[in-house]
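K.L.:
I am sharing work-v6.csv, which consists of CSV, C-alpha atoms and all ligand atoms:
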chain,number,residue,atom,x,y,z
A,1,MET,CA,124.2,153.5,74.0
A,2,THR,CA,126.6,156.0,75.6
A,3,ARG,CA,130.2,155.7,74.7
A,4,ILE,CA,132.7,156.5,77.4
A,5,PHE,CA,136.4,157.2,77.1
A,6,ILE,CA,138.5,156.8,80.2
A,7,ASN,CA,141.5,159.1,80.1
A,8,TYR,CA,144.2,158.3,82.8
A,9,ARG,CA,147.9,158.3,83.5
A,10,ARG,CA,149.3,154.8,84.2
A,11,GLN,CA,151.7,155.9,87.0
A,12,ASP,CA,149.0,158.0,88.7
A,13,SER,CA,145.8,156.1,88.7
A,14,GLU,CA,146.3,152.7,87.3
A,15,GLY,CA,145.1,150.9,90.4
A,16,TYR,CA,141.7,152.7,90.2
A,17,VAL,CA,141.1,152.5,86.4
A,18,GLY,CA,140.6,148.7,86.3
A,19,ARG,CA,138.3,148.8,89.2
A,20,LEU,CA,136.3,151.7,87.7
A,21,TYR,CA,136.1,149.8,84.4
A,22,ASP,CA,134.7,146.7,86.1
A,23,HIS,CA,132.0,148.8,87.8
A,24,LEU,CA,131.1,150.8,84.7
A,25,ALA,CA,130.8,147.5,82.8
A,26,GLN,CA,127.8,146.6,85.0
A,27,HIS,CA,126.0,149.7,83.7
A,28,PHE,CA,127.2,150.1,80.1
A,29,GLU,CA,128.1,147.8,77.3
A,30,THR,CA,131.8,146.9,77.5
A,31,GLN,CA,132.2,147.7,73.8
A,32,ASP,CA,131.2,151.2,74.6
A,33,ILE,CA,133.9,151.8,77.2
A,34,PHE,CA,137.3,152.8,75.9
A,35,MET,CA,140.5,153.1,77.9
A,36,ASP,CA,143.3,153.2,75.5
A,37,VAL,CA,143.7,153.9,71.8
A,38,ASP,CA,145.1,150.5,71.0
A,39,SER,CA,146.7,150.8,67.7
A,40,ILE,CA,148.1,153.8,65.9
A,41,PRO,CA,149.4,152.5,62.6
A,42,PRO,CA,152.9,153.5,61.5
A,43,GLY,CA,152.9,156.8,59.6
A,44,ALA,CA,149.5,157.8,61.1
A,45,ASP,CA,149.1,161.2,62.6
A,46,PHE,CA,148.6,160.2,66.3
A,47,VAL,CA,147.0,163.5,67.3
A,48,GLU,CA,144.4,163.0,64.5
A,49,THR,CA,143.9,159.3,65.6
A,50,LEU,CA,143.3,160.4,69.2
A,51,GLU,CA,140.9,163.2,68.1
A,52,LYS,CA,138.9,160.7,66.0
A,53,ALA,CA,138.7,158.3,69.0
A,54,ILE,CA,137.4,161.1,71.2
A,55,ALA,CA,134.9,162.1,68.4
A,56,GLY,CA,133.4,158.7,68.6
A,57,CYS,CA,132.7,159.0,72.3
A,58,ASP,CA,130.0,161.0,74.3
A,59,VAL,CA,131.7,161.3,77.6
A,60,LEU,CA,135.4,161.6,78.7
A,61,ILE,CA,136.2,160.6,82.2
A,62,ALA,CA,139.5,162.2,83.2
A,63,MET,CA,141.1,160.2,86.1
A,64,ILE,CA,143.1,162.6,88.3
A,65,GLY,CA,145.4,160.9,90.8
A,66,PRO,CA,147.7,162.7,93.4
A,67,GLN,CA,150.6,162.9,90.8
A,68,TRP,CA,148.5,164.1,87.9
A,69,VAL,CA,149.7,167.7,87.8
A,70,ASP,CA,153.3,167.1,88.5
A,71,ILE,CA,154.3,163.8,86.7
A,72,LYS,CA,157.5,164.3,84.8
A,73,ASP,CA,159.2,162.3,82.0
A,74,GLU,CA,162.7,160.8,82.3
A,75,ARG,CA,164.3,164.2,81.3
A,76,GLY,CA,162.5,165.9,84.2
A,77,GLU,CA,160.0,167.7,82.0
A,78,ARG,CA,156.4,168.0,83.2
A,79,ARG,CA,154.2,165.7,81.0
A,80,LEU,CA,151.3,168.2,80.9
A,81,ASP,CA,153.6,170.8,79.3
A,82,GLN,CA,154.5,168.5,76.4
A,83,TRP,CA,152.5,168.9,73.2
A,84,ASN,CA,152.5,165.2,72.6
A,85,ASP,CA,151.2,164.1,76.0
A,86,PHE,CA,148.3,161.7,75.4
A,87,VAL,CA,146.4,162.8,78.5
A,88,ARG,CA,146.6,166.5,77.4
A,89,ILE,CA,145.7,165.8,73.8
A,90,GLU,CA,142.7,163.6,74.8
A,91,ILE,CA,141.3,166.1,77.3
A,92,GLY,CA,142.0,169.1,75.1
A,93,SER,CA,140.3,167.3,72.2
A,94,ALA,CA,137.2,166.4,74.2
A,95,LEU,CA,136.9,170.1,75.4
A,96,LYS,CA,137.3,171.4,71.9
A,97,GLN,CA,134.7,168.9,70.6
A,98,LYS,CA,132.4,170.0,73.4
A,99,LYS,CA,132.1,166.5,74.9
A,100,VAL,CA,130.9,165.8,78.4
A,101,VAL,CA,134.2,165.9,80.4
A,102,ILE,CA,134.0,164.6,84.0
A,103,PRO,CA,137.1,164.9,86.2
A,104,VAL,CA,137.2,162.0,88.6
A,105,LEU,CA,139.5,162.4,91.6
A,106,VAL,CA,141.2,159.3,93.1
A,107,GLY,CA,143.8,158.8,95.9
A,108,ARG,CA,142.7,162.0,97.6
A,109,ALA,CA,143.8,164.1,94.7
A,110,ARG,CA,142.5,167.6,94.2
A,111,MET,CA,141.4,169.4,91.1
A,112,PRO,CA,144.2,171.2,89.3
A,113,THR,CA,144.0,175.0,89.3
A,114,PRO,CA,144.1,177.0,86.1
A,115,THR,CA,147.7,178.1,86.8
A,116,GLU,CA,148.8,174.5,86.8
A,117,LEU,CA,147.3,173.7,83.4
A,118,PRO,CA,148.4,174.4,79.8
A,119,GLU,CA,146.3,176.9,77.9
A,120,ASP,CA,144.4,174.3,75.9
A,121,LEU,CA,143.2,172.7,79.2
A,122,LEU,CA,142.2,175.9,81.0
A,123,LEU,CA,138.5,175.1,80.7
A,124,PHE,CA,139.1,171.8,82.4
A,125,ALA,CA,139.7,173.6,85.7
A,126,ARG,CA,136.1,174.8,85.6
A,127,ARG,CA,134.6,171.2,85.4
A,128,ASN,CA,133.0,170.0,88.6
A,129,ALA,CA,134.8,166.9,89.8
A,130,LEU,CA,133.5,163.8,91.4
A,131,GLU,CA,135.6,161.8,93.9
A,132,LEU,CA,136.0,158.0,94.1
A,133,THR,CA,137.0,157.0,97.6
A,134,GLN,CA,138.4,153.6,98.7
A,135,GLN,CA,135.7,153.3,101.4
A,136,HIS,CA,132.7,154.0,99.3
A,137,PHE,CA,133.9,153.0,95.8
A,138,ALA,CA,130.6,151.3,94.7
A,139,GLN,CA,128.4,154.2,95.9
A,140,ASP,CA,130.7,156.8,94.4
A,141,VAL,CA,130.6,154.9,91.0
A,142,GLN,CA,126.8,154.9,91.2
A,143,LYS,CA,126.9,158.7,91.4
A,144,LEU,CA,129.3,158.8,88.4
A,145,VAL,CA,126.9,156.5,86.5
A,146,LYS,CA,124.0,158.9,87.2
A,147,VAL,CA,126.1,161.9,86.1
A,148,ILE,CA,127.0,160.1,82.8
A,149,GLN,CA,123.4,159.1,82.2
A,150,ASP,CA,122.1,162.6,82.9
A,151,ALA,CA,124.8,164.3,80.9
A,152,ALA,CA,124.6,162.0,77.9
A,153,PRO,CA,121.2,160.5,77.7
A,154,THR,CA,120.9,157.1,76.2
A,155,LYS,CA,121.2,157.2,72.4
A,156,GLN,CA,118.1,156.5,70.5
A,157,ASN,CA,118.2,153.3,68.4
A,158,ASN,CA,119.4,154.2,65.0
A,159,LYS,CA,118.3,152.2,62.0
A,160,PRO,CA,120.3,149.3,60.7
A,161,ARG,CA,122.7,150.4,58.0
A,162,ALA,CA,122.0,149.3,54.4
A,163,ASN,CA,124.5,146.9,52.9
A,164,GLN,CA,126.1,147.8,49.5
A,165,GLU,CA,123.4,146.2,47.5
A,166,MET,CA,120.6,148.1,49.3
A,167,LEU,CA,122.6,151.2,49.1
A,168,ASP,CA,122.9,150.8,45.3
A,169,GLN,CA,119.2,150.3,45.1
A,170,LYS,CA,118.5,153.4,47.2
A,171,GLU,CA,120.8,155.5,45.0
A,172,ALA,CA,119.1,154.2,41.9
A,173,ALA,CA,115.7,155.0,43.3
A,174,LEU,CA,116.8,158.6,44.1
A,175,LYS,CA,118.2,158.9,40.6
A,176,GLN,CA,114.8,158.0,39.3
A,177,VAL,CA,113.1,160.6,41.5
A,178,ARG,CA,115.5,163.2,40.0
A,179,LEU,CA,114.7,162.1,36.5
A,180,ASP,CA,110.9,162.3,37.2
A,181,LEU,CA,111.5,165.7,38.7
A,182,VAL,CA,113.4,166.9,35.7
A,183,GLY,CA,110.5,165.9,33.5
A,184,ALA,CA,107.8,167.3,35.7
A,185,THR,CA,106.4,169.6,33.1
A,186,GLU,CA,103.1,170.0,35.0
A,187,SER,CA,104.9,171.6,38.0
A,188,PRO,CA,103.6,175.2,38.7
A,189,LEU,CA,107.3,176.1,38.7
A,190,TYR,CA,108.4,174.3,35.6
A,191,LYS,CA,108.0,177.3,33.2
A,192,PHE,CA,110.0,179.5,35.6
A,193,ARG,CA,112.7,176.9,35.8
A,194,ILE,CA,113.0,176.6,32.0
A,195,GLU,CA,112.8,180.3,31.2
A,196,ASN,CA,115.5,181.0,33.7
A,197,ARG,CA,117.7,178.0,32.8
A,198,LEU,CA,117.5,176.7,36.4
A,199,PHE,CA,117.7,173.2,37.8
A,200,PRO,CA,115.3,171.3,40.0
A,201,VAL,CA,116.9,170.6,43.4
A,202,ILE,CA,116.1,167.1,44.6
A,203,GLY,CA,118.5,167.0,47.5
A,204,GLU,CA,121.9,165.6,48.3
A,205,GLY,CA,123.7,163.5,50.8
A,206,SER,CA,123.7,159.9,51.9
A,207,ALA,CA,120.9,157.7,50.4
A,208,ASP,CA,120.9,155.8,53.6
A,209,ALA,CA,121.1,158.7,56.0
A,210,ASN,CA,119.9,158.4,59.6
A,211,ILE,CA,118.9,162.0,59.6
A,212,ILE,CA,117.1,163.9,56.7
A,213,PHE,CA,116.9,167.7,56.8
A,214,ILE,CA,114.0,169.2,55.0
A,215,GLY,CA,114.0,172.9,54.3
A,216,GLU,CA,111.7,175.2,52.4
A,217,SER,CA,112.6,175.8,48.8
A,218,PRO,CA,115.8,176.3,46.8
A,219,GLY,CA,117.0,179.9,46.4
A,220,LYS,CA,118.8,181.4,43.4
A,221,ASN,CA,122.2,179.9,44.3
A,222,GLU,CA,120.8,176.5,44.7
A,223,ALA,CA,118.6,176.4,41.5
A,224,GLU,CA,121.5,177.7,39.4
A,225,VAL,CA,123.5,174.5,40.1
A,226,GLY,CA,120.8,172.1,41.4
A,227,ARG,CA,122.2,171.6,44.9
A,228,PRO,CA,120.3,172.4,48.2
A,229,PHE,CA,121.5,174.8,50.8
A,230,ILE,CA,124.7,176.1,49.2
A,231,GLY,CA,124.1,179.8,49.7
A,232,PRO,CA,124.2,181.8,53.0
A,233,SER,CA,121.6,179.6,54.7
A,234,GLY,CA,123.7,176.6,53.6
A,235,GLU,CA,126.7,178.1,55.4
A,236,ILE,CA,124.8,178.3,58.6
A,237,LEU,CA,123.6,174.8,58.2
A,238,ALA,CA,127.2,173.6,57.5
A,239,GLU,CA,128.3,175.4,60.7
A,240,MET,CA,125.6,173.8,62.8
A,241,LEU,CA,126.3,170.3,61.4
A,242,LYS,CA,130.0,170.8,62.1
A,243,SER,CA,129.2,171.8,65.7
A,244,ILE,CA,127.7,168.3,66.3
A,245,ASN,CA,130.4,166.5,64.3
A,246,LEU,CA,128.3,165.8,61.3
A,247,LYS,CA,129.3,166.2,57.7
A,248,ARG,CA,126.9,167.0,54.8
A,249,ASP,CA,127.7,163.5,53.4
A,250,ASP,CA,126.5,161.9,56.6
A,251,VAL,CA,122.9,163.2,56.3
A,252,TYR,CA,120.5,164.0,53.5
A,253,VAL,CA,119.4,167.5,52.8
A,254,THR,CA,116.3,168.4,50.8
A,255,ASN,CA,113.3,170.8,50.7
A,256,ILE,CA,109.5,170.6,50.6
A,257,VAL,CA,109.5,172.5,47.3
A,258,LEU,CA,112.0,171.2,44.8
A,259,ASP,CA,112.2,174.1,42.3
A,260,ARG,CA,113.0,177.7,43.0
A,261,PRO,CA,109.9,179.9,43.3
A,262,PRO,CA,110.2,183.3,41.5
A,263,THR,CA,111.4,186.0,43.9
A,264,LYS,CA,112.1,185.2,47.6
A,265,ARG,CA,108.4,184.6,48.4
A,266,GLU,CA,107.1,181.8,50.6
A,267,PRO,CA,106.0,178.6,48.8
A,268,THR,CA,102.3,178.4,47.9
A,269,LEU,CA,100.0,175.6,48.9
A,270,GLU,CA,99.7,174.5,45.3
A,271,GLU,CA,103.5,174.2,45.0
A,272,ILE,CA,103.8,172.3,48.3
A,273,ALA,CA,101.1,169.9,47.2
A,274,PHE,CA,102.7,169.4,43.8
A,275,TYR,CA,106.1,168.3,45.3
A,276,GLU,CA,104.6,166.2,48.1
A,277,PRO,CA,104.7,162.9,46.3
A,278,PHE,CA,108.4,163.5,45.4
A,279,VAL,CA,109.3,164.4,49.0
A,280,ASP,CA,107.4,161.3,50.2
A,281,ARG,CA,109.4,159.1,47.7
A,282,ILE,CA,112.7,160.6,48.9
A,283,ILE,CA,111.8,159.8,52.6
A,284,ASP,CA,110.6,156.4,51.6
A,285,VAL,CA,113.8,155.5,49.9
A,286,ILE,CA,116.1,156.9,52.6
A,287,GLN,CA,113.9,155.7,55.5
A,288,PRO,CA,115.6,158.0,58.0
A,289,ALA,CA,115.3,157.6,61.8
A,290,VAL,CA,115.0,161.3,62.1
A,291,ILE,CA,113.3,164.0,60.0
A,292,ALA,CA,114.7,167.4,61.1
A,293,THR,CA,112.5,170.1,59.6
A,294,LEU,CA,114.1,173.5,58.9
A,295,GLY,CA,111.6,176.3,59.3
A,296,ARG,CA,107.8,176.4,59.8
A,297,PHE,CA,106.8,175.3,56.3
A,298,ALA,CA,108.6,172.0,56.4
A,299,MET,CA,107.5,171.5,60.0
A,300,GLN,CA,103.9,172.0,59.2
A,301,TYR,CA,104.1,169.9,56.1
A,302,ILE,CA,105.5,166.9,58.0
A,303,LEU,CA,103.3,167.2,61.1
A,304,LYS,CA,100.2,167.4,58.9
A,305,ARG,CA,101.4,164.7,56.6
A,306,LEU,CA,101.8,162.3,59.5
A,307,ASP,CA,98.7,163.7,61.2
A,308,LEU,CA,100.4,164.3,64.5
A,309,PRO,CA,98.7,165.9,67.5
A,310,GLU,CA,101.3,168.7,67.4
A,311,LYS,CA,100.2,169.8,63.9
A,312,ARG,CA,98.5,173.0,65.2
A,313,GLN,CA,101.4,174.1,67.3
A,314,THR,CA,103.8,176.8,66.3
A,315,ILE,CA,107.5,176.5,65.6
A,316,GLY,CA,108.1,178.7,68.6
A,317,GLU,CA,106.5,176.0,70.7
A,318,LEU,CA,108.0,173.0,69.1
A,319,HIS,CA,111.6,173.9,68.0
A,320,GLY,CA,114.1,171.5,69.6
A,321,LYS,CA,111.5,169.0,70.7
A,322,LEU,CA,111.8,165.3,69.8
A,323,ILE,CA,108.4,164.1,68.5
A,324,LYS,CA,108.3,160.3,68.4
A,325,THR,CA,106.0,158.6,65.9
A,326,ARG,CA,106.0,155.7,63.5
A,327,MET,CA,106.3,155.4,59.7
A,328,HIS,CA,105.5,152.2,57.8
A,329,TYR,CA,109.2,151.1,58.1
A,330,GLY,CA,109.5,151.8,61.9
A,331,GLU,CA,109.9,154.3,64.7
A,332,ILE,CA,111.0,157.8,63.7
A,333,HIS,CA,111.6,161.1,65.4
A,334,ILE,CA,110.6,164.5,64.0
A,335,VAL,CA,112.8,167.3,65.3
A,336,PRO,CA,111.5,170.7,64.3
A,337,LEU,CA,114.3,173.3,64.0
A,338,TYR,CA,114.2,176.9,63.0
A,339,HIS,CA,115.3,177.6,59.4
A,340,PRO,CA,119.1,178.4,59.3
A,341,ALA,CA,118.2,181.8,57.6
A,342,VAL,CA,116.9,183.1,61.0
A,343,VAL,CA,120.5,183.6,62.0
A,344,LEU,CA,121.0,185.9,59.0
A,345,TYR,CA,118.2,188.1,60.2
A,346,SER,CA,118.8,187.8,63.9
A,347,ALA,CA,122.2,186.8,65.1
A,348,SER,CA,120.9,186.1,68.6
A,349,GLN,CA,118.9,183.2,67.2
A,350,LYS,CA,122.2,181.3,66.6
A,351,VAL,CA,122.4,180.2,70.2
A,352,THR,CA,118.9,178.7,70.0
A,353,LEU,CA,119.5,177.0,66.7
A,354,GLN,CA,122.8,175.6,68.1
A,355,LYS,CA,121.1,174.3,71.2
A,356,ASP,CA,118.4,172.7,69.2
A,357,PHE,CA,120.9,171.0,66.8
A,358,GLU,CA,122.5,169.5,69.9
A,359,LYS,CA,119.4,167.3,70.3
A,360,LEU,CA,120.4,165.5,67.1
A,361,LYS,CA,123.5,164.1,68.9
A,362,LEU,CA,121.2,161.5,70.3
A,363,PHE,CA,120.9,160.0,66.8
A,364,ILE,CA,124.6,160.2,65.7
B,401,LIG,N1,116.6,177.7,51.8
B,401,LIG,C1,116.0,176.6,51.8
B,401,LIG,O1,115.0,176.4,52.4
B,401,LIG,N2,116.5,175.6,50.9
B,401,LIG,C2,117.6,175.8,50.2
B,401,LIG,O2,118.0,174.9,49.6
B,401,LIG,C3,118.3,177.0,50.4
B,401,LIG,C4,117.8,178.0,51.2
As structure tokens, how would this structure be written, given the file I've shared?

P.N.:
Amino acid sequence: MTRIFINYRRQDSEGYVGRLYDHLAQHFETQDIFMDVDSIPPGADFVETLEKAIAGCDVLIAMIGPQWVDIKDERGERRLDQWNDFVRIEIGSALKQKKVVIPVLVGRARMPTPTELPEDLLLFARRNALELTQQHFAQDVQKLVKVIQDAAPTKQNNKPRANQEMLDQKEAALKQVRLDLVGATESPLYKFRIENRLFPVIGEGSADANIIFIGESPGKNEAEVGRPFIGPSGEILAEMLKSINLKRDDVYVTNIVLDRPPTKREPTLEEIAFYEPFVDRIIDVIQPAVIATLGRFAMQYILKRLDLPEKRQTIGELHGKLIKTRMHYGEIHIVPLYHPAVVLYSASQKVTLQKDFEKLKLFI
């Protein structure tokens, strides 16, 4: 499903908005088309409320009528210059959140120039506009529908959410994995853990996450407190998640090796094999719709584990791809990503990582 927010000024484009809504409703679910933020409770921060509403959408359609730039309030002040103007806040928020913003011209309006816009909307002037004409309304809307579908591809079906009872069961099952891991004296890394007073790192996040991230192995920072990705790589991961409006609590983050190996070396085959049943159990409990692997070790592990045809390909070939397959509980996508640490070694990789993370938006 693609969620669409229609931003408009009543005095400027009201006649067109209803008509556009009716046409869009033939192509999208009506519950996915939003025109107004209906209720802002007393005492609520309305800017925050609008930002949240925009965050829940994929596309913002900004209706621009002939008066859009100049409309003034009863005191003669231009609406667009006011900090609390809904139209300005919504478009500004969509630009800030990197949503797809499509200006739609109606009533022979023209696109505003940068000099006519407040600073927070300057980027808006660079968006290519689409015109809806009276004569060819239906055809023009068809073009808009195509633009929306291309810009925000249909969301993948996410798994049904667990109810409270199931969630409690999942949390209890993860607790048991943790206990078994704590007592895993036969692990090749157990001695190192105990001698250095370290903790195993099972993972953290939502026990019912739609997306699970699997990295390599905990580092020193992580093993000292028993939490994954809290050091420099964790900061990059947090930044990437934030860029697609995800919080750590929304996803589950773990590794293929659940204890810290001595020194910063790569995990051995023996270590990977030892933790495999634990990782499988974690996946089995969470039953994610997406496994996003961080780095080549996690990618190879998952592709081989599921015996996928891509198992001999490199991360250079597969990063950012969506690999569809099935687990016993249903359809799943594997999304290979570079390890966040690549950015620490090569800042230019950040753009690639960021672009690949964008693919996950299909599952949010
Ligand atoms: N790198 C990983 O692969 N995992 C962590 O938890 C931290 C750094």

K.L.:
Counting all atoms listed in the file, which protein, DNA or RNA residues come within 9 Å of ligand LIG 401 (chain B), given as an mmCIF file with C-alpha atoms, in the coordinates of the input?

P.N.:
data_model
loop_
_atom_site.group_PDB
_atom_site.id
_atom_site.type_symbol
_atom_site.label_atom_id
_atom_site.label_comp_id
_atom_site.auth_asym_id
_atom_site.auth_seq_id
_atom_site.Cartn_x
_atom_site.Cartn_y
_atom_site.Cartn_z
ATOM 1 C CA VAL A 201 116.900 170.600 43.400
ATOM 2 C CA GLY A 203 118.500 167.000 47.500
ATOM 3 C CA ILE A 214 114.000 169.200 55.000
ATOM 4 C CA GLY A 215 114.000 172.900 54.300
ATOM 5 C CA GLU A 216 111.700 175.200 52.400
ATOM 6 C CA SER A 217 112.600 175.800 48.800
ATOM 7 C CA PRO A 218 115.800 176.300 46.800
ATOM 8 C CA GLY A 219 117.000 179.900 46.400
ATOM 9 C CA LYS A 220 118.800 181.400 43.400
ATOM 10 C CA ASN A 221 122.200 179.900 44.300
ATOM 11 C CA GLU A 222 120.800 176.500 44.700
ATOM 12 C CA ALA A 223 118.600 176.400 41.500
ATOM 13 C CA ARG A 227 122.200 171.600 44.900
ATOM 14 C CA PRO A 228 120.300 172.400 48.200
ATOM 15 C CA PHE A 229 121.500 174.800 50.800
ATOM 16 C CA ILE A 230 124.700 176.100 49.200
ATOM 17 C CA GLY A 231 124.100 179.800 49.700
ATOM 18 C CA PRO A 232 124.200 181.800 53.000
ATOM 19 C CA SER A 233 121.600 179.600 54.700
ATOM 20 C CA GLY A 234 123.700 176.600 53.600
ATOM 21 C CA VAL A 253 119.400 167.500 52.800
ATOM 22 C CA THR A 254 116.300 168.400 50.800
ATOM 23 C CA ASN A 255 113.300 170.800 50.700
ATOM 24 C CA ILE A 256 109.500 170.600 50.600
ATOM 25 C CA VAL A 257 109.500 172.500 47.300
ATOM 26 C CA LEU A 258 112.000 171.200 44.800
ATOM 27 C CA ARG A 260 113.000 177.700 43.000
ATOM 28 C CA LEU A 294 114.100 173.500 58.900
ATOM 29 C CA GLY A 295 111.600 176.300 59.300
ATOM 30 C CA ALA A 298 108.600 172.000 56.400
ATOM 31 C CA HIS A 339 115.300 177.600 59.400
ATOM 32 C CA PRO A 340 119.100 178.400 59.300
ATOM 33 C CA ALA A 341 118.200 181.800 57.600
#

K.L.:
For the point (144.3, 167.3, 72.4) in file coordinates, what residues are within 12 Å, counting only C-alpha atoms? Give the answer as a ChimeraX atom specification?

P.N.:
/A:7,46-55,80,82-97,118-121

K.L.:
Which residues are near Asn210 in chain A? Cut-off 8 Å, all atoms listed in the file, ignore same chain within fewer than 4 positions. Put them as a ChimeraX atom specification.

P.N.:
/A:158-159,251,287-290,363-364

K.L.:
Provide the CA of Pro261 in chain A to CA of Glu224 in chain A distance in Å, to one decimal place.

P.N.:
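Atom-to-atom, CA of Pro261 in chain A and CA of Glu224 in chain A are spaced 12.4 Å apart.
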
K.L.:
Nearest to Glu29 in chain A: which of A:Pro41, A:Gln11, A:His319, A:Ile4 is it, counting all atoms listed in the file?

P.N.:
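Of A:Pro41, A:Gln11, A:His319, A:Ile4, the one nearest Glu29 in chain A, counting all atoms listed in the file, is A:Ile4.
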
K.L.:
Where does range 295-327 of chain A meet range 268-277 of chain A within 12 Å, residue by residue, with the nearest atom pair and distance in Å to one decimal for each, counting only C-alpha atoms, listed by chain and rising number, as CSV?

P.N.:
residue,atom,partner,partner_atom,distance
A:Phe297,CA,A:Ile272,CA,9.1
A:Ala298,CA,A:Ile272,CA,9.4
A:Gln300,CA,A:Ile272,CA,10.9
A:Tyr301,CA,A:Ile272,CA,8.2
A:Ile302,CA,A:Glu276,CA,10.0
A:Lys304,CA,A:Glu276,CA,11.7
A:Arg305,CA,A:Glu276,CA,9.2

K.L.:
Please dump the current selection as a tab-separated table (two decimals), keeping the file's coordinate frame; keep C-alpha atoms.

P.N.:
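Result went into selection_21.tsv, see below:
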chain	number	residue	atom	x	y	z
A	297	PHE	CA	106.80	175.30	56.30
A	298	ALA	CA	108.60	172.00	56.40
A	300	GLN	CA	103.90	172.00	59.20
A	301	TYR	CA	104.10	169.90	56.10
A	302	ILE	CA	105.50	166.90	58.00
A	304	LYS	CA	100.20	167.40	58.90
A	305	ARG	CA	101.40	164.70	56.60

K.L.:
So the first atom is CA of Arg75 in chain A and the second is CA of Pro112 in chain A; what is the distance between them in Å, to one decimal place?

P.N.:
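Distance reported for this atom pair: 22.7 Å.
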
K.L.:
Which is closer to Ala173 in chain A than all the others in A:Ile202, A:Ala62, A:Ala129, A:Val285, using all atoms listed in the file?

P.N.:
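Using all atoms listed in the file, Ala173 in chain A sits closest to A:Val285.
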
K.L.:
Find the residues near Asp32 in chain A: any atom within 12 Å, counting only C-alpha atoms, skip ones fewer than 5 places away on the same chain, and give them as a ChimeraX atom specification.

P.N.:
/A:1-6,21,24-27,53,56-60,154-155

K.L.:
Could you work out how far CA of Gly330 in chain A lies from CA of Asp356 in chain A, giving the answer in Å with one decimal?

P.N.:
23.9 Å

K.L.:
Using only C-alpha atoms, which protein or nucleic acid residues come within 8 Å of Phe278 in chain A? Drop anything in the same chain fewer than 3 positions from it, and give the result as a list of chain:residue names.

P.N.:
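Answer for this query is A:Val177, A:Leu181, A:Tyr275, A:Arg281, A:Ile282.
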
K.L.:
Okay, now the selection with C-alpha atoms, as a PDB file, keeping the file's coordinate frame?

P.N.:
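That gives us result.pdb:
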ATOM      1  CA  VAL A 177     113.100 160.600  41.500  1.00  0.00           C
ATOM      2  CA  LEU A 181     111.500 165.700  38.700  1.00  0.00           C
ATOM      3  CA  TYR A 275     106.100 168.300  45.300  1.00  0.00           C
ATOM      4  CA  ARG A 281     109.400 159.100  47.700  1.00  0.00           C
ATOM      5  CA  ILE A 282     112.700 160.600  48.900  1.00  0.00           C
TER       6      ILE A 282
END

K.L.:
Write out as a ChimeraX atom specification which residues come within 9 Å of Ile323 in chain A when counting all atoms listed in the file, dropping same-chain ones fewer than 4 positions away.

P.N.:
/A:308,310,318,332-336

K.L.:
Compare A:Thr352, A:Ser13, A:Ala138, A:Asp36 by their minimum atom-to-atom distance to Ile71 in chain A, counting only C-alpha atoms, and give me the closest one.

P.N.:
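Closest to Ile71 in chain A, using only C-alpha atoms: A:Ser13.
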
K.L.:
Identify, on the basis of all atoms listed in the file, every residue whose closest approach to Lys355 in chain A does not exceed 12 Å; exclude the query and any residue fewer than 3 positions from it along the same chain; express the result as a list in words.

P.N.:
Met240, Leu241, Ser243, Ile244, His319, Gly320, Lys321, Leu337, Tyr338, Gln349, Lys350, Val351, Thr352, Glu358, Lys359, Leu360 and Lys361 of chain A

K.L.:
Those selected residues, please, written with C-alpha atoms and delivered as a compact mmCIF listing (two decimals), in the coordinates of the input.

P.N.:
# COMPACT_ATOMS: atom_id res chain seq x y z
CA MET A 240 125.60 173.80 62.80
CA LEU A 241 126.30 170.30 61.40
CA SER A 243 129.20 171.80 65.70
CA ILE A 244 127.70 168.30 66.30
CA HIS A 319 111.60 173.90 68.00
CA GLY A 320 114.10 171.50 69.60
CA LYS A 321 111.50 169.00 70.70
CA LEU A 337 114.30 173.30 64.00
CA TYR A 338 114.20 176.90 63.00
CA GLN A 349 118.90 183.20 67.20
CA LYS A 350 122.20 181.30 66.60
CA VAL A 351 122.40 180.20 70.20
CA THR A 352 118.90 178.70 70.00
CA GLU A 358 122.50 169.50 69.90
CA LYS A 359 119.40 167.30 70.30
CA LEU A 360 120.40 165.50 67.10
CA LYS A 361 123.50 164.10 68.90

K.L.:
From the set A:Gly65, A:Gln149, A:Phe192, A:Arg126, which residue has the shortest atom-to-atom contact distance to Val104 in chain A, counting only C-alpha atoms?

P.N.:
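Once distances to Val104 in chain A are computed over only C-alpha atoms, the minimum belongs to A:Gly65.
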